[in-house]
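Inspection log for the structure reproduced underneath, given as C-alpha cells.
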Amino acid sequence: MAFKFLERGSIERVKELYEGRWTYRLFSTRKPVTIDSISDCPCMACYDIDRCSTVSQVSPILCKKLTYWINLKTDNEHVSPDEFHEDNV
Ligand code: SF4
C-alpha cells in the first residue's frame with residue numbers, strides 16, 4: 001500500500017534507527033490546505049447555500065457548479081464545461 005503512495009509522490013520515507021532496529025518513517029508530501037485553495041469555490045458566493053444540504057433538493061451531491069469546480073481543481077475530465085449550466089444547481 002505504501003509503495004503506491006511512494007510512486008505517486010504522496011509520501012516520502014526516511015530510514016531511521018528506532019529502538020535498535022532500522023525502520024522507515026513515512027512523511028506526507030502534501031501541503032496543508034489553505035483558505036486560498038477554496039476562495040473561488042462556487043459555494044462561497046452561492047445564493048442557495050442556506051438551503052443546500054445532502055438531504056435536500058439543493059444538494060452538493062447533485063450540484064453541477066460544485067462538481068465542475070472540483071473537476072477543474074483536480075484536472076478531472078468527467079464533466080465538461082458544455083455540461084455546466086447555472087440552472088442545474
Ligand atoms: S453545493 Fe452548489 S448549491 Fe450547494 S452551496 Fe455549493 S454551489 Fe451552492
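Residue names in the C-alpha cells use chain letters A, B, ... in the order shown, residue numbers from 1 in each chain, and ligand numbers from 1 in the order shown.
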
Any chance you could tabulate, as a Markdown table, the residues of chain A at most 6 Å from ligand 1 with each one's nearest atom pair and distance in Å to one decimal, using only C-alpha atoms and all ligand atoms, in chain and rising number order?
```
| residue | atom | partner | partner_atom_place_in_ligand_line | distance |
| --- | --- | --- | --- | --- |
| A:Pro42 | CA | ligand 1 | 7 (S) | 4.6 |
| A:Cys43 | CA | ligand 1 | 6 (Fe) | 3.5 |
| A:Cys46 | CA | ligand 1 | 8 (Fe) | 4.5 |
| A:Asp48 | CA | ligand 1 | 8 (Fe) | 5.1 |
| A:Ile49 | CA | ligand 1 | 5 (S) | 3.8 |
| A:Cys52 | CA | ligand 1 | 4 (Fe) | 4.6 |
| A:Val58 | CA | ligand 1 | 3 (S) | 5.5 |
| A:Ser59 | CA | ligand 1 | 4 (Fe) | 5.4 |
| A:Pro60 | CA | ligand 1 | 1 (S) | 3.6 |
| A:Cys63 | CA | ligand 1 | 2 (Fe) | 4.6 |
| A:Lys65 | CA | ligand 1 | 7 (S) | 5.6 |
| A:Leu66 | CA | ligand 1 | 2 (Fe) | 5.2 |
| A:Val89 | CA | ligand 1 | 3 (S) | 5.4 |
```

| said: Can you pull out every residue from chain A that DSSP, working from the backbone, puts in alpha helix (DSSP H), and format the result as a ChimeraX atom specification? | reply: /A:2-8,64-74

Kindly provide the residues of segment 24-71 of chain A that approach segment 5-9 of chain A to within 12 Å, each paired with its closest atom pair and their distance in Å to one decimal, based on only C-alpha atoms, listed by chain and increasing number, as CSV.
```
residue,atom,partner,partner_atom,distance
A:Leu26,CA,A:Leu6,CA,9.4
A:Phe27,CA,A:Leu6,CA,10.0
A:Ser28,CA,A:Gly9,CA,8.8
A:Thr29,CA,A:Gly9,CA,7.1
A:Arg30,CA,A:Gly9,CA,9.1
```

| For Ile70 of chain A, which of A:Met44, A:Ile38, A:Glu19, A:Ser56 is the closest residue, counting only C-alpha atoms? |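 Closest residue, counting only C-alpha atoms: A:Ile38.
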
| remark: Expressed in Å, the length from atom CA of Trp69 of chain A to atom CA of Ser37 of chain A is 11.5 Å
